[in-house]
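Reproduced below: structure-v3.cif, with mmCIF, C-alpha atoms and all ligand atoms.
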data_start
loop_
_atom_site.label_atom_id
_atom_site.label_comp_id
_atom_site.auth_asym_id
_atom_site.auth_seq_id
_atom_site.Cartn_x
_atom_site.Cartn_y
_atom_site.Cartn_z
CA MET A 4 79.19 83.95 12.56
CA SER A 5 81.97 84.21 15.13
CA VAL A 6 85.72 84.31 14.78
CA GLY A 7 88.22 83.12 17.36
CA SER A 8 91.87 82.38 17.72
CA THR A 9 94.20 80.05 19.58
CA SER A 10 97.81 80.51 20.47
CA SER A 11 100.11 78.89 17.94
CA GLY A 12 101.53 76.75 20.71
CA SER A 13 98.32 74.86 21.32
CA THR A 14 96.63 72.33 19.13
CA VAL A 15 93.92 73.81 16.99
CA GLY A 16 90.76 72.27 18.33
CA GLU A 17 87.23 73.27 18.81
CA THR A 18 87.06 71.79 22.27
CA SER A 19 89.71 74.06 23.77
CA PRO A 20 89.46 77.39 22.03
CA ALA A 21 91.64 79.41 24.39
CA ALA A 22 92.02 82.99 23.21
CA GLY A 23 95.54 84.00 22.29
CA GLY A 24 97.86 85.38 19.68
CA TRP A 25 100.76 83.94 17.77
CA ARG A 26 104.44 83.84 18.42
CA GLU A 27 106.05 86.56 16.32
CA GLY A 28 109.21 85.62 14.50
CA GLY A 29 108.53 81.91 13.95
CA PRO A 30 107.33 80.36 10.73
CA ASN A 31 104.18 79.03 12.39
CA GLY A 32 101.05 80.58 11.00
CA ARG A 33 98.42 82.34 13.04
CA ARG A 34 95.77 79.80 14.07
CA GLU A 35 92.14 80.79 14.21
CA TRP A 36 88.67 79.52 13.49
CA VAL A 37 85.31 80.72 12.26
CA ASP A 38 81.91 79.36 13.19
CA GLY A 39 78.97 79.44 10.84
CA VAL A 40 76.22 77.50 9.20
CA LEU A 41 76.88 75.37 6.15
CA ALA A 42 75.07 76.62 3.09
CA GLY A 43 74.92 74.84 -0.24
CA LEU A 44 77.04 75.88 -3.19
CA PRO A 45 75.23 77.73 -5.95
CA LEU A 46 75.35 74.68 -8.20
CA PRO A 47 73.64 71.36 -7.51
CA GLY A 48 75.33 69.30 -4.85
CA LEU A 49 75.57 65.56 -4.60
CA PRO A 50 72.34 63.68 -4.13
CA ALA A 51 72.02 62.33 -0.61
CA VAL A 52 73.20 58.72 -0.54
CA GLU A 53 72.79 56.50 2.46
CA ALA A 54 76.06 54.92 3.60
CA PRO A 55 76.60 52.55 6.54
CA GLY A 56 76.63 54.54 9.75
CA THR A 57 75.79 57.85 8.18
CA SER A 58 72.76 59.87 7.38
CA GLY A 59 72.45 61.08 3.81
CA GLY A 60 74.29 64.38 3.36
CA PRO A 61 74.70 67.20 5.84
CA PRO A 62 71.45 68.37 7.42
CA PRO A 63 70.34 71.81 6.22
CA GLY A 64 71.91 74.54 8.30
CA LEU A 65 74.62 72.28 9.78
CA PRO A 66 76.63 74.38 12.24
CA VAL A 67 80.30 74.15 11.38
CA ARG A 68 83.59 75.43 12.69
CA VAL A 69 86.44 75.96 10.25
CA ALA A 70 89.89 76.01 11.87
CA TYR A 71 92.61 77.54 9.76
CA GLU A 72 96.12 78.92 9.77
CA THR A 73 97.35 82.11 8.10
CA TRP A 74 100.63 83.72 7.15
CA GLY A 75 101.02 87.37 6.16
CA THR A 76 98.41 90.14 6.16
CA LEU A 77 95.37 90.79 4.05
CA ASN A 78 95.96 94.03 2.12
CA PRO A 79 93.38 96.87 2.20
CA GLU A 80 92.17 95.91 -1.30
CA ARG A 81 91.75 92.31 -0.08
CA SER A 82 93.42 91.18 -3.28
CA ASN A 83 96.43 89.21 -2.00
CA ALA A 84 94.76 86.17 -0.43
CA VAL A 85 95.97 82.71 -1.42
CA LEU A 86 94.08 79.59 -0.39
CA VAL A 87 96.22 76.47 0.15
CA LEU A 88 94.26 73.23 0.44
CA HIS A 89 95.68 70.11 2.06
CA ALA A 90 95.32 66.47 1.07
CA LEU A 91 93.71 63.50 2.83
CA THR A 92 95.76 63.28 6.01
CA GLY A 93 97.27 66.74 5.85
CA ASP A 94 96.25 69.77 7.84
CA SER A 95 96.54 73.54 8.00
CA HIS A 96 100.20 73.35 8.96
CA VAL A 97 101.55 73.86 5.46
CA VAL A 98 105.03 74.77 6.61
CA GLY A 99 106.71 73.77 9.82
CA GLY A 100 107.68 75.79 12.79
CA VAL A 101 108.67 75.37 16.39
CA GLU A 102 106.04 74.39 18.89
CA PRO A 103 107.00 74.59 22.55
CA GLY A 104 109.83 72.15 22.94
CA HIS A 105 109.79 70.53 19.53
CA PRO A 106 109.95 71.34 15.83
CA THR A 107 106.82 70.64 13.80
CA PRO A 108 107.28 69.76 10.14
CA GLY A 109 104.89 71.07 7.54
CA TRP A 110 103.82 69.19 4.43
CA TRP A 111 104.99 71.87 1.96
CA ASP A 112 108.05 73.17 3.81
CA GLY A 113 109.77 75.60 1.48
CA LEU A 114 106.62 77.11 0.02
CA ILE A 115 105.74 79.83 2.53
CA GLY A 116 108.32 82.21 3.98
CA PRO A 117 110.51 85.19 3.20
CA GLY A 118 111.87 84.94 -0.34
CA LEU A 119 109.79 81.80 -1.02
CA PRO A 120 106.97 81.50 -3.59
CA LEU A 121 104.37 82.46 -0.97
CA ASP A 122 106.18 85.29 0.78
CA PRO A 123 104.09 86.53 3.72
CA ALA A 124 105.38 90.05 3.05
CA ARG A 125 103.32 89.97 -0.14
CA TRP A 126 100.68 87.30 0.18
CA PHE A 127 98.05 86.51 2.79
CA VAL A 128 98.12 82.72 2.84
CA VAL A 129 95.12 80.89 4.30
CA ALA A 130 95.15 77.14 4.95
CA PRO A 131 91.93 75.68 6.37
CA ASN A 132 91.55 72.25 7.92
CA VAL A 133 89.10 70.30 5.82
CA LEU A 134 85.45 69.70 6.76
CA GLY A 135 85.16 66.12 8.01
CA GLY A 136 88.80 65.97 9.11
CA CYS A 137 90.19 65.72 12.63
CA GLN A 138 92.28 68.87 13.03
CA GLY A 139 89.85 71.41 14.45
CA THR A 140 87.33 71.91 11.66
CA THR A 141 84.00 70.17 12.25
CA GLY A 142 84.25 66.43 11.73
CA PRO A 143 83.36 63.16 13.43
CA TRP A 144 85.26 64.21 16.55
CA SER A 145 83.11 67.31 16.96
CA VAL A 146 80.09 67.63 19.18
CA ALA A 147 76.80 67.27 17.31
CA PRO A 148 73.83 69.57 17.98
CA ASP A 149 72.45 66.95 20.43
CA GLY A 150 75.48 67.43 22.67
CA ARG A 151 77.12 64.08 21.89
CA PRO A 152 80.13 63.58 19.60
CA TRP A 153 79.14 62.96 16.01
CA GLY A 154 81.28 59.82 15.74
CA ALA A 155 79.99 57.42 13.12
CA ARG A 156 76.77 59.48 12.88
CA PHE A 157 78.66 62.25 11.09
CA PRO A 158 76.78 62.97 7.87
CA ARG A 159 78.13 61.92 4.54
CA ILE A 160 79.68 64.99 2.96
CA SER A 161 80.94 65.80 -0.51
CA VAL A 162 83.92 67.74 -1.80
CA ARG A 163 81.34 70.43 -2.59
CA ASP A 164 80.31 70.58 1.07
CA GLN A 165 83.98 70.94 1.97
CA VAL A 166 84.27 73.86 -0.44
CA ALA A 167 81.07 75.33 1.00
CA ALA A 168 82.76 75.34 4.42
CA GLU A 169 85.75 77.11 2.87
CA VAL A 170 83.38 79.67 1.31
CA LEU A 171 82.09 80.35 4.80
CA LEU A 172 85.69 81.03 5.86
CA ALA A 173 86.36 83.30 2.85
CA ASP A 174 83.21 85.28 3.64
CA ALA A 175 84.21 85.63 7.28
CA LEU A 176 87.63 86.94 6.26
CA GLY A 177 86.09 89.35 3.75
CA ILE A 178 87.81 87.72 0.79
CA ASP A 179 85.61 88.18 -2.27
CA ALA A 180 88.12 86.55 -4.61
CA TRP A 181 91.27 84.53 -3.99
CA ALA A 182 94.37 85.65 -5.86
CA ALA A 183 95.11 81.95 -6.08
CA VAL A 184 93.68 78.64 -4.97
CA VAL A 185 96.30 75.91 -4.75
CA GLY A 186 95.89 72.26 -3.87
CA GLY A 187 97.27 68.78 -4.44
CA SER A 188 95.52 65.41 -4.37
CA MET A 189 92.32 65.83 -2.29
CA GLY A 190 93.31 69.51 -1.98
CA GLY A 191 93.43 69.63 -5.78
CA MET A 192 89.89 68.25 -5.94
CA ARG A 193 88.71 71.12 -3.73
CA ALA A 194 90.76 73.69 -5.66
CA LEU A 195 89.16 72.56 -8.91
CA GLU A 196 85.71 72.50 -7.33
CA TRP A 197 86.24 76.11 -6.14
CA ALA A 198 87.13 77.26 -9.66
CA VAL A 199 84.17 75.43 -11.21
CA SER A 200 81.56 76.38 -8.59
CA LEU A 201 82.66 79.94 -7.97
CA PRO A 202 84.66 81.13 -10.98
CA ASP A 203 84.33 84.79 -9.98
CA ARG A 204 86.05 84.10 -6.68
CA VAL A 205 89.17 82.36 -8.06
CA LYS A 206 91.63 84.56 -9.99
CA SER A 207 94.22 81.84 -10.46
CA LEU A 208 94.32 78.14 -9.85
CA LEU A 209 96.88 75.38 -9.38
CA VAL A 210 95.50 71.86 -9.52
CA LEU A 211 98.13 69.28 -8.76
CA ALA A 212 97.93 65.48 -8.96
CA ALA A 213 94.14 65.38 -8.79
CA PRO A 214 91.32 64.11 -11.03
CA ALA A 215 88.19 65.83 -12.35
CA ALA A 216 86.26 62.79 -11.15
CA SER A 217 87.33 59.74 -9.18
CA THR A 218 87.56 56.69 -11.43
CA ALA A 219 86.36 53.13 -10.86
CA GLU A 220 89.89 52.08 -9.93
CA GLN A 221 90.31 54.90 -7.39
CA ILE A 222 86.92 54.13 -5.87
CA ALA A 223 87.81 50.42 -5.77
CA LEU A 224 91.12 51.06 -4.02
CA ALA A 225 89.37 53.29 -1.52
CA SER A 226 86.55 50.81 -1.05
CA ALA A 227 88.99 48.13 0.12
CA GLN A 228 90.33 50.65 2.63
CA LEU A 229 86.84 51.53 3.86
CA HIS A 230 86.00 47.85 4.35
CA ALA A 231 89.10 47.35 6.46
CA ILE A 232 88.21 50.29 8.72
CA ARG A 233 84.59 49.21 9.08
CA LEU A 234 85.76 45.79 10.24
CA ASP A 235 88.12 47.25 12.83
CA PRO A 236 88.61 51.01 13.00
CA VAL A 237 92.16 51.09 14.36
CA ALA A 238 93.79 48.00 12.82
CA GLY A 239 91.70 48.66 9.72
CA MET A 240 93.08 52.14 9.30
CA GLY A 241 96.55 50.59 9.41
CA VAL A 242 95.56 48.26 6.58
CA ALA A 243 94.00 51.18 4.73
CA ARG A 244 97.20 53.17 5.03
CA ARG A 245 99.27 50.29 3.71
CA ILE A 246 97.04 49.99 0.64
CA ALA A 247 96.94 53.76 0.20
CA HIS A 248 100.64 54.27 0.74
CA LEU A 249 101.46 51.76 -1.99
CA SER A 250 99.31 53.80 -4.35
CA TYR A 251 101.20 56.94 -3.25
CA ARG A 252 104.61 55.56 -4.30
CA SER A 253 105.99 54.06 -7.53
CA GLU A 254 106.93 50.50 -8.35
CA PRO A 255 110.45 51.42 -9.57
CA GLU A 256 111.08 53.32 -6.33
CA LEU A 257 110.00 50.38 -4.17
CA THR A 258 112.13 47.98 -6.20
CA ALA A 259 115.20 50.21 -6.09
CA ARG A 260 114.79 51.02 -2.42
CA PHE A 261 113.77 47.72 -0.88
CA GLY A 262 114.18 44.98 -3.48
CA ARG A 263 113.72 41.59 -1.82
CA GLU A 264 115.70 42.57 1.23
CA ARG A 265 114.66 41.06 4.57
CA GLN A 266 115.22 42.58 7.98
CA ALA A 267 116.59 40.79 11.04
CA ASP A 268 113.02 40.16 12.27
CA GLY A 269 112.21 38.26 9.05
CA ARG A 270 109.93 40.87 7.56
CA PHE A 271 110.63 42.10 4.07
CA ALA A 272 112.03 45.62 4.33
CA VAL A 273 109.10 46.91 2.28
CA GLU A 274 106.67 45.24 4.71
CA SER A 275 108.38 46.93 7.59
CA TYR A 276 108.21 50.26 5.72
CA LEU A 277 104.46 49.91 5.26
CA ASP A 278 104.05 48.82 8.88
CA HIS A 279 105.86 52.00 9.90
CA HIS A 280 103.59 54.26 7.87
CA ALA A 281 100.51 52.42 9.16
CA GLU A 282 101.61 52.85 12.79
CA LYS A 283 102.37 56.52 12.24
CA LEU A 284 98.93 57.22 10.82
CA ILE A 285 97.20 55.29 13.61
CA ARG A 286 98.95 57.58 16.09
CA ARG A 287 97.90 60.78 14.39
CA PHE A 288 94.59 60.28 12.58
CA ASP A 289 90.97 59.48 13.34
CA PRO A 290 89.52 56.42 11.51
CA GLU A 291 86.06 58.01 11.28
CA SER A 292 87.55 61.07 9.58
CA TYR A 293 89.45 58.77 7.24
CA VAL A 294 86.14 57.19 6.25
CA VAL A 295 84.31 60.51 5.83
CA LEU A 296 87.11 62.02 3.73
CA THR A 297 87.56 58.89 1.62
CA GLU A 298 83.83 58.77 0.88
CA ALA A 299 83.99 62.43 -0.14
CA MET A 300 86.86 61.69 -2.54
CA ASN A 301 84.98 58.72 -3.98
CA GLY A 302 82.02 61.00 -4.69
CA HIS A 303 84.20 63.66 -6.30
CA ASP A 304 82.98 64.53 -9.80
CA VAL A 305 83.07 68.16 -10.88
CA GLY A 306 80.71 67.31 -13.70
CA LEU A 307 77.94 65.79 -11.59
CA GLY A 308 74.68 67.67 -12.09
CA ARG A 309 76.47 70.09 -14.43
CA GLY A 310 76.27 68.33 -17.76
CA GLY A 311 79.48 66.38 -17.30
CA VAL A 312 83.15 67.11 -16.69
CA ARG A 313 83.72 68.95 -19.94
CA ALA A 314 80.86 71.38 -19.34
CA ALA A 315 81.95 71.93 -15.74
CA LEU A 316 85.55 72.66 -16.74
CA ALA A 317 84.34 75.21 -19.28
CA ARG A 318 83.10 77.30 -16.33
CA VAL A 319 86.66 77.94 -15.09
CA THR A 320 87.81 81.50 -15.76
CA ALA A 321 90.90 81.49 -13.51
CA ARG A 322 94.38 81.64 -14.92
CA THR A 323 95.12 77.97 -14.49
CA ILE A 324 98.05 75.63 -14.12
CA VAL A 325 97.27 71.92 -14.09
CA ALA A 326 100.15 69.64 -13.19
CA GLY A 327 100.58 65.93 -12.66
CA ILE A 328 103.42 63.73 -11.45
CA ASP A 329 104.97 61.59 -14.19
CA SER A 330 105.21 58.51 -11.91
CA ASP A 331 101.79 58.92 -10.21
CA ARG A 332 99.89 55.62 -10.40
CA LEU A 333 97.01 56.80 -8.20
CA TYR A 334 95.98 59.87 -10.21
CA PRO A 335 97.89 59.28 -13.46
CA LEU A 336 98.77 62.04 -15.91
CA PRO A 337 95.85 61.45 -18.33
CA GLN A 338 93.52 62.66 -15.58
CA GLN A 339 95.33 65.98 -15.29
CA ALA A 340 95.54 66.11 -19.12
CA GLU A 341 91.73 65.90 -19.16
CA ILE A 342 91.47 68.86 -16.78
CA ALA A 343 94.08 70.89 -18.68
CA ASP A 344 92.34 70.20 -21.97
CA GLY A 345 88.93 71.13 -20.55
CA VAL A 346 90.25 74.40 -19.17
CA GLY A 347 92.26 75.10 -22.33
CA VAL A 348 95.82 75.09 -20.97
CA ASP A 349 98.90 72.92 -21.48
CA LEU A 350 99.48 70.07 -19.06
CA ARG A 351 102.50 70.61 -16.81
CA VAL A 352 104.51 67.65 -15.59
CA VAL A 353 106.36 67.35 -12.30
CA LYS A 354 109.22 64.87 -12.66
CA SER A 355 109.57 62.51 -9.75
CA ASP A 356 110.57 58.95 -8.95
CA PHE A 357 108.22 58.93 -5.97
CA GLY A 358 104.79 58.53 -7.52
CA HIS A 359 101.79 60.45 -6.20
CA ASP A 360 103.73 61.56 -3.10
CA GLY A 361 105.85 63.56 -5.55
CA PHE A 362 103.37 66.39 -5.00
CA LEU A 363 104.63 66.58 -1.40
CA ILE A 364 108.28 65.69 -2.05
CA GLU A 365 109.11 67.77 -5.15
CA VAL A 366 108.63 71.07 -3.36
CA GLU A 367 111.04 72.96 -5.61
CA GLN A 368 109.10 72.05 -8.75
CA VAL A 369 105.78 72.75 -7.05
CA GLY A 370 107.11 76.05 -5.72
CA ALA A 371 108.19 77.06 -9.22
CA LEU A 372 104.65 76.43 -10.47
CA VAL A 373 103.18 78.50 -7.64
CA ALA A 374 105.65 81.32 -8.36
CA GLU A 375 104.76 81.20 -12.05
CA LEU A 376 101.04 81.29 -11.25
CA LEU A 377 101.45 84.40 -9.12
CA ALA A 378 104.25 86.03 -11.15
CA ASP A 379 102.51 89.12 -12.47
CA LEU A 380 99.34 89.11 -10.40
CA PRO A 381 98.83 92.43 -8.63
CA ALA A 382 98.88 92.02 -4.88
N1 LIG B 1 100.53 61.42 1.69
C1 LIG B 1 99.33 62.08 1.32
C2 LIG B 1 98.77 61.33 0.17
C3 LIG B 1 97.35 61.61 -0.19
O1 LIG B 1 97.36 62.57 -1.16
C4 LIG B 1 98.38 62.14 2.48
O2 LIG B 1 98.58 61.37 3.43
O3 LIG B 1 97.49 62.95 2.52
#
Let's see the structure in the file written out as structure tokens.
Amino acid sequence: MSVGSTSSGSTVGETSPAAGGWREGGPNGRREWVDGVLAGLPLPGLPAVEAPGTSGGPPPGLPVRVAYETWGTLNPERSNAVLVLHALTGDSHVVGGVEPGHPTPGWWDGLIGPGLPLDPARWFVVAPNVLGGCQGTTGPWSVAPDGRPWGARFPRISVRDQVAAEVLLADALGIDAWAAVVGGSMGGMRALEWAVSLPDRVKSLLVLAAPAASTAEQIALASAQLHAIRLDPVAGMGVARRIAHLSYRSEPELTARFGRERQADGRFAVESYLDHHAEKLIRRFDPESYVVLTEAMNGHDVGLGRGGVRAALARVTARTIVAGIDSDRLYPLPQQAEIADGVGVDLRVVKSDFGHDGFLIEVEQVGALVAELLADLPA
């Protein structure tokens, strides 16, 4: 296993791993990577399933690189590490900073920093880029063992494989147990999978706006997106984002914000809004990663091979907070209620007009939950 680092000013990427440090004083995290070989989790993984353009499951011993960002310092007891897991199109850049010449927003700005719930003076915060994504951790953009990019040949992976890659990172950093594992949406799936698969390694857990298992409706919504991308990767990802983005927002919000208003070009304002989000994603995301990650979310089921969801949730020993967004129509509250009930805690509700994206927008409420989770943990 090897460990490397890039300067915070350069894009994290396995193709240009220039050695370097990080700019002191800015909120950017330190960007590094670890290389290793993917091992299975100690519990049964997903059965290999053939999908168009993929082989079935990662080959044994798949070499992987995990690119990640950190804030703060690991204490000598190695007891202050917090794992923050991003959602579908997120990345390791949890909070923003200043890259050369331009500010870079984070997706949970307000969560990490002095005096904030994850204060780097106290906590060592680790945010990996997900396996199968396109931000430096091994994914379809990476070079396969035969020297050619994986592309559409990238193996079908599961949320469990993604967690296995994060285990490799934890091992490389010498973190036996996380003080907390925190994630929303797809990040919440991985957070839950961590606590179920490796209960001894998760002291506390925040699962936000995520299900224990993807439902028929979630798979159906995703399946329409996958079809669009398979027909035309670039235009299709735009269509996929439009479908997905609608599921990320709430009907009352769309009505209040856009109504039936038309723009000068004749498009409904809400059409133009979706067009904008589609164009933005096309500029910043890889369609093959979108497919790989969406397939992984479709396969998500913490109970698979473990006697069902209820039995799997009974394995969790972490101090746990499970929260949902009251207006979330993608992963509605009953799904978080199921997790909370299975773990034996009360469901917590984030109030938001914005639907599923409330987990990104309501940072103050999310921050309060993180602070509560960590309140009297020794660090
Ligand atoms: N806006 C989020 C929603 C998915 O949780 C994303 O793009 O990842």
Close residues, segment 315-322 of chain A itself excluded, 9 Å, all atoms listed in the file, min 2 positions apart in chain, as an NGL selection string: :A and (183 or 195 or 198-209 or 215 or 305-307 or 309-313 or 324 or 342-347 or 376)
Closest of A:Leu86, A:Ala212, A:Ala314, A:Val242 to Val166 of chain A - atom-to-atom distances counting all atoms listed in the file: A:Leu86
Selection near Val273 of chain A, 7 Å with only C-alpha atoms, sequence-local residues under 3 positions removed, as a VMD selection string: chain A and resid 261 276 to 277
Near-ligand residues for ligand LIG 1 (chain B), threshold 6 Å, all atoms listed in the file, as JSON, numbers by chain: {"A": [90, 91, 92, 93, 188, 360]}
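Taking atom CA of Arg245 of chain A and atom CA of Asp278 of chain A as the two end points, the separation is 7.2 Å.
When only C-alpha atoms are used to compute distances to Val129 of chain A, the closest of the residues A:Ala259, A:Ala340, A:Ala84, A:Val369 turns out to be A:Ala84.
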